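**Student:** Data: start-v7.cif, mmCIF, C-alpha atoms.
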```cif
data_data
#
loop_
_atom_site.label_atom_id
_atom_site.label_comp_id
_atom_site.auth_asym_id
_atom_site.auth_seq_id
_atom_site.Cartn_x
_atom_site.Cartn_y
_atom_site.Cartn_z
CA MET A 1 126.07 83.22 99.36
CA LYS A 2 125.10 81.00 102.26
CA LYS A 3 126.24 77.39 102.22
CA TYR A 4 125.81 74.30 104.35
CA TRP A 5 128.56 73.12 106.68
CA ARG A 6 128.73 69.92 108.75
CA CYS A 7 130.78 69.34 111.89
CA HIS A 8 132.78 66.18 111.25
CA VAL A 9 132.69 65.28 114.96
CA CYS A 10 129.02 65.67 116.02
CA ASN A 11 127.17 66.34 112.74
CA ASP A 12 126.09 69.80 113.80
CA ILE A 13 124.79 71.60 110.69
CA HIS A 14 125.50 75.27 110.03
CA PHE A 15 123.89 77.37 107.27
CA GLY A 16 125.90 80.51 106.59
CA THR A 17 128.54 82.23 104.51
CA LYS A 18 131.35 80.98 106.77
CA SER A 19 131.79 77.95 108.97
CA PRO A 20 131.97 78.57 112.74
CA LYS A 21 135.53 78.47 114.11
CA ILE A 22 134.38 76.34 117.03
CA CYS A 23 131.42 73.96 116.92
CA PRO A 24 128.87 75.34 119.45
CA THR A 25 127.60 71.80 120.13
CA CYS A 26 130.78 69.76 120.73
CA LEU A 27 133.27 72.65 121.02
CA GLN A 28 135.67 71.09 118.51
CA GLY A 29 137.80 73.68 116.66
CA ASN A 30 138.17 73.74 112.89
CA ALA A 31 135.46 71.10 112.68
CA TYR A 32 133.31 72.06 109.71
CA VAL A 33 133.32 70.82 106.15
CA GLU A 34 131.20 72.30 103.38
CA VAL A 35 128.50 69.82 102.30
CA SER A 36 125.68 69.70 99.78
CA SER A 37 122.17 70.85 100.69
CA CYS A 38 121.08 67.24 100.15
CA GLU A 39 123.57 65.95 102.73
CA ALA A 40 122.69 68.70 105.21
CA LEU A 41 118.96 68.02 104.89
CA ASN A 42 119.50 64.28 105.24
CA VAL A 43 121.54 64.76 108.42
CA MET A 44 118.89 67.10 109.87
CA SER A 45 116.01 64.80 108.95
CA VAL A 46 117.11 62.37 111.68
CA THR A 47 115.67 64.70 114.32
CA GLU A 48 112.04 65.70 114.05
CA SER A 49 111.23 68.90 115.87
CA HIS A 50 107.77 70.33 116.44
CA VAL A 51 107.48 73.79 117.89
CA ASP A 52 103.85 74.35 118.81
CA LYS A 53 102.27 77.61 119.88
CA ASP A 54 103.20 77.22 123.56
CA ALA A 55 106.78 76.25 122.73
CA PHE A 56 107.11 79.19 120.36
CA ALA A 57 105.66 81.55 122.98
CA LYS A 58 108.37 80.35 125.39
CA ALA A 59 111.06 80.66 122.70
CA ILE A 60 110.26 84.30 122.03
CA GLN A 61 110.20 84.99 125.78
CA VAL A 62 113.79 83.71 125.96
CA PHE A 63 114.66 85.72 122.84
CA ALA A 64 113.19 88.90 124.35
CA ALA A 65 114.76 88.39 127.78
CA ALA A 66 118.21 88.94 126.31
CA GLY A 67 117.20 91.97 124.26
CA GLU A 68 116.24 95.61 124.73
CA PHE A 69 112.63 94.67 124.02
CA GLN A 70 109.88 92.63 125.65
CA ILE A 71 106.82 90.69 124.61
CA ASN A 72 103.79 92.96 124.56
CA PRO A 73 102.03 92.66 127.94
CA ASP A 74 98.66 92.72 126.09
CA GLN A 75 98.03 88.96 126.19
CA GLU A 76 94.96 89.13 123.97
CA ARG A 77 97.03 90.79 121.25
CA VAL A 78 99.82 88.24 121.60
CA ALA A 79 97.32 85.34 121.40
CA LEU A 80 95.78 86.77 118.22
CA LEU A 81 99.22 87.21 116.63
CA LEU A 82 100.28 83.66 117.55
CA GLU A 83 97.04 82.36 116.07
CA GLY A 84 97.79 84.24 112.84
CA MET A 85 101.40 83.06 112.64
CA PHE A 86 100.49 79.43 113.10
CA ASN A 87 97.64 79.70 110.59
CA ASN A 88 100.14 81.23 108.17
CA GLU A 89 102.59 78.41 108.80
CA ASN A 90 99.85 75.86 108.07
CA ASN A 91 98.50 77.66 105.02
CA HIS A 92 101.60 79.35 103.59
CA GLY A 93 104.59 77.38 104.93
CA LEU A 94 106.20 79.79 107.37
CA LYS A 95 105.21 81.85 110.41
CA TYR A 96 104.68 85.03 108.44
CA CYS A 97 103.70 88.21 110.29
CA PRO A 98 99.87 88.46 110.28
CA CYS A 99 100.16 92.24 109.80
CA ARG A 100 101.96 92.12 106.46
CA MET A 101 101.41 90.27 103.22
CA ILE A 102 103.83 88.05 101.34
CA GLU A 103 104.84 89.23 97.88
CA LYS A 104 105.64 85.79 96.44
CA ASP A 105 109.32 86.79 96.29
CA PHE A 106 110.78 84.17 98.65
CA GLU A 107 113.88 86.10 99.72
CA LYS A 108 111.83 89.20 100.49
CA ASP A 109 109.11 87.15 102.14
CA LEU A 110 111.69 85.60 104.49
CA THR A 111 112.00 89.06 106.05
CA LEU A 112 108.38 88.70 107.24
CA VAL A 113 108.94 85.53 109.26
CA CYS A 114 108.46 86.10 112.99
CA PRO A 115 110.61 87.16 114.75
CA CYS A 116 111.62 89.50 111.94
CA ASN A 117 114.51 91.98 112.05
CA PHE A 118 112.28 94.66 113.56
CA LEU A 119 115.14 96.55 115.26
CA THR A 120 115.78 98.33 111.97
CA HIS A 121 112.14 99.12 111.18
CA ASP A 122 110.52 102.56 111.14
CA SER A 123 107.96 101.53 113.76
CA TYR A 124 110.74 100.60 116.22
CA LYS A 125 114.03 102.34 115.49
CA ASP A 126 114.68 105.70 117.17
CA LYS A 127 111.26 105.64 118.84
CA GLU A 128 110.85 105.83 122.60
CA ASN A 129 107.78 103.57 122.46
CA GLY A 130 108.98 101.56 119.50
CA GLU A 131 107.22 98.36 118.52
CA CYS A 132 107.63 95.88 115.74
CA TRP A 133 104.96 96.52 113.12
CA CYS A 134 102.51 93.98 114.56
CA GLY A 135 103.19 94.99 118.17
CA LEU A 136 104.37 91.58 119.39
CA PHE A 137 107.64 93.12 120.61
CA LYS A 138 107.82 96.44 122.44
CA LYS A 139 110.88 98.45 123.36
CA ARG A 140 111.56 97.85 127.05
CA ARG A 141 111.39 100.83 129.34
CA HIS A 142 113.77 101.05 132.28
CA HIS A 143 111.01 100.63 134.87
CA GLU A 144 109.50 97.58 133.10
CA MET B 1 84.99 106.34 89.85
CA ASN B 2 86.88 106.09 93.10
CA ARG B 3 87.11 102.59 94.51
CA LEU B 4 88.04 102.43 98.17
CA ILE B 5 89.60 99.25 99.49
CA MET B 6 90.71 98.15 102.95
CA PHE B 7 93.13 95.22 102.74
CA HIS B 8 93.11 93.49 106.11
CA GLY B 9 94.19 90.31 107.86
CA ARG B 10 91.92 88.25 110.12
CA GLU B 11 94.54 87.91 112.86
CA CYS B 12 96.04 91.41 112.56
CA PRO B 13 95.46 93.49 115.74
CA HIS B 14 95.71 96.81 113.82
CA CYS B 15 92.96 95.61 111.49
CA LYS B 16 90.82 94.45 114.40
CA LYS B 17 91.12 97.90 115.95
CA MET B 18 90.29 99.73 112.72
CA MET B 19 87.32 97.55 111.75
CA PRO B 20 84.69 99.21 114.02
CA LEU B 21 85.81 102.63 112.77
CA VAL B 22 85.49 101.47 109.17
CA ASP B 23 82.02 100.05 109.82
CA LYS B 24 80.97 103.26 111.55
CA MET B 25 82.20 105.31 108.60
CA ILE B 26 80.37 103.11 106.09
CA GLU B 27 77.14 103.51 108.02
CA GLU B 28 77.31 107.13 109.11
CA GLU B 29 79.09 108.69 106.16
CA GLU B 30 77.53 106.48 103.48
CA VAL B 31 80.96 105.66 102.15
CA GLU B 32 81.38 102.65 99.88
CA LEU B 33 84.46 100.65 100.84
CA GLU B 34 85.42 97.04 100.07
CA LYS B 35 87.00 95.06 102.89
CA LEU B 36 89.31 92.42 101.44
CA GLU B 37 90.85 89.84 103.81
CA VAL B 38 94.22 88.79 102.41
CA TRP B 39 95.65 85.93 104.51
CA HIS B 40 92.74 83.54 104.06
CA ASN B 41 91.68 84.52 100.54
CA GLU B 42 94.23 84.09 97.76
CA LYS B 43 92.22 86.15 95.28
CA ASN B 44 92.27 89.09 97.69
CA ALA B 45 95.99 88.54 98.34
CA ASP B 46 96.64 88.69 94.59
CA ALA B 47 94.54 91.85 94.38
CA MET B 48 96.68 93.45 97.10
CA ARG B 49 99.89 92.34 95.39
CA SER B 50 98.65 93.89 92.13
CA TYR B 51 98.81 97.29 93.90
CA ARG B 52 102.33 96.61 95.23
CA ASP B 53 103.88 99.59 93.41
CA ILE B 54 101.33 101.97 94.94
CA ILE B 55 101.16 100.56 98.47
CA THR B 56 104.77 99.70 99.36
CA PRO B 57 106.32 103.19 98.94
CA LYS B 58 103.84 104.50 101.53
CA CYS B 59 104.09 101.53 103.88
CA GLY B 60 107.74 101.10 104.78
CA GLY B 61 108.52 99.19 101.58
CA GLN B 62 106.10 96.43 102.51
CA LEU B 63 102.54 95.27 101.93
CA ARG B 64 101.35 96.07 105.42
CA VAL B 65 97.85 95.52 106.72
CA PRO B 66 95.61 97.27 107.14
CA SER B 67 96.20 99.19 103.93
CA PHE B 68 93.62 101.70 102.80
CA LEU B 69 93.70 102.41 99.09
CA ASN B 70 91.86 104.73 96.73
CA THR B 71 92.46 103.03 93.39
CA GLU B 72 91.65 106.16 91.40
CA THR B 73 93.73 108.79 93.20
CA LYS B 74 96.34 106.25 94.47
CA ASP B 75 95.89 107.82 97.90
CA VAL B 76 97.06 105.17 100.36
CA PHE B 77 97.96 104.76 104.02
CA CYS B 78 98.50 101.79 106.28
CA GLY B 79 98.04 101.14 109.97
CA GLU B 80 95.86 102.69 112.63
CA VAL B 81 94.49 106.24 112.46
CA GLU B 82 91.82 108.24 114.28
CA TYR B 83 88.27 108.16 112.92
CA GLU B 84 88.45 111.73 111.56
CA GLU B 85 91.57 110.92 109.59
CA LEU B 86 89.95 107.83 108.11
CA VAL B 87 86.89 109.82 106.98
CA ASP B 88 89.13 112.54 105.60
CA TRP B 89 90.98 109.95 103.49
CA ALA B 90 87.70 108.42 102.24
CA LYS B 91 86.26 111.77 101.19
CA ARG B 92 89.36 113.25 99.60
#
```
Show me this structure written as structure tokens.

**Tutor:**
Amino acid sequence: MKKYWRCHVCNDIHFGTKSPKICPTCLQGNAYVEVSSCEALNVMSVTESHVDKDAFAKAIQVFAAAGEFQINPDQERVALLLEGMFNNENNHGLKYCPCRMIEKDFEKDLTLVCPCNFLTHDSYKDKENGECWCGLFKKRRHHE
Amino acid sequence: MNRLIMFHGRECPHCKKMMPLVDKMIEEEEVELEKLEVWHNEKNADAMRSYRDIITPKCGGQLRVPSFLNTETKDVFCGEVEYEELVDWAKR
């Protein structure tokens, strides 16, 4: 089960089954202490962060640049998907994939938040022209 | 009686691509099909979820849109298909 951990040096918060051996923010070793969700949320509430559509578009570009996939070059498609994700975040709380429907089972629905774990999906895995289900991410070809 | 439903999302590119084919089929083949938008209509979303056990086994374990469902025969597929395949499903 995932827990909250706080770096005692820089207040970096980690949410996971294990604490990081080295804090990625301040590089201190053996720095984390398990804390309550209340403490973790309080620490994080100090920094407000707004990721708008443009910022998210840049974030997924960075994400894709390091992967075997790319953002779909069809800009009209990407714009429609971003519109859907941000409408879903406003209306339903998270950037759910516009091409699937939430089941009202929160753990399962978390698998629909973009970017999802599409590398394992039938529309992507083992396919030369693999795409995530909505087509936001496409498998990169060598010449692209 | 067979009830044909297309569950779709307003900002889903697959749905956008299928919509003209669906409209063409309704007009040319005189097929009755309900188009239910699920992301902006909670009643339609609940309707789609009520068919979860029929839709998800055919759609990668998920409620994908577009999903095309025959409520009587439980014949279902999701995603984009050619026009002929769509008509074939509707008339089965």

**Student:** Figure out the distance between atom CA of Ile54 of chain B and atom CA of Val76 of chain B, please, to one decimal in Å.

**Tutor:**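 Computing the Euclidean distance for atom CA of Val76 of chain B and atom CA of Ile54 of chain B yields 7.6 Å.
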
**Student:** What are the residues of chain B lining chain A at 6 Å or less? Count all atoms listed in the file, and put the answer as a list in words.

**Tutor:** Glu11, Cys12, Leu63, Arg64 and Val65 of chain B

**Student:** What does the distance between atom CA of Ala45 of chain B and atom CA of Lys24 of chain B come to in Å, to one decimal place?

**Tutor:** 24.8 Å

**Student:** Can you find the residues with an atom no farther than 12 Å from (113.6, 98.7, 130.3), counting all atoms listed in the file, and report them as number ranges by chain?

**Tutor:** A: 64-71, 128-129, 138-144

**Student:** Would you work out the distance separating atom CA of Tyr4 of chain A from atom CA of Glu89 of chain A, expressed in Å to one decimal?

**Tutor:**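 Atom CA of Glu89 of chain A lies at a distance of 24.0 Å from atom CA of Tyr4 of chain A.
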
**Student:** Expanded to explicit residues, what is the PyMOL selection byres ((chain A and resi 32-45) around 10) for this file, as a list in words?

**Tutor:**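 That expression, the PyMOL selection byres ((chain A and resi 32-45) around 10), corresponds here to Lys3, Tyr4, Trp5, Arg6, Cys7, His8, Val9, Cys10, Asn11, Asp12, Ile13, His14, Phe15, Lys18, Ser19, Pro20, Lys21, Ile22, Cys23, Gln28, Gly29, Asn30, Ala31, Val46, Thr47, Glu48 and Ser49 of chain A.
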
**Student:** Enumerate, as a count of residues only, the protein, DNA and RNA residues whose atoms approach (94.1, 92.4, 99.5) to within 6 Å, taking into account all atoms listed in the file and the coordinate frame of the file.

**Tutor:** 8

**Student:** Check the smallest atom-to-atom distance from each of B:Asn41, B:Asn2, B:Asp46, B:Ser67 to Glu80 of chain B using all atoms listed in the file, then report the winner.

**Tutor:** B:Ser67

**Student:** If the PyMOL selection byres ((chain B and resi 89) around 12) is run on the structure shown, which residues does it catch, given as a VMD selection string?

**Tutor:** chain B and resid 2 4 to 6 22 25 31 33 67 to 70 73 to 78 81 to 88 90 to 92

**Student:** Taking into account all atoms listed in the file, which residue in the set B:Gly60, B:Lys17, B:Gly9, B:Arg49 is nearest to Lys35 of chain B?

**Tutor:** B:Gly9

**Student:** Find, counting all atoms listed in the file, the residue in B:His14, B:His40, B:His8, B:Lys58 that gets nearest to Gly79 of chain B.

**Tutor:**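 Ranked by minimum distance to Gly79 of chain B, first place goes to B:His14.
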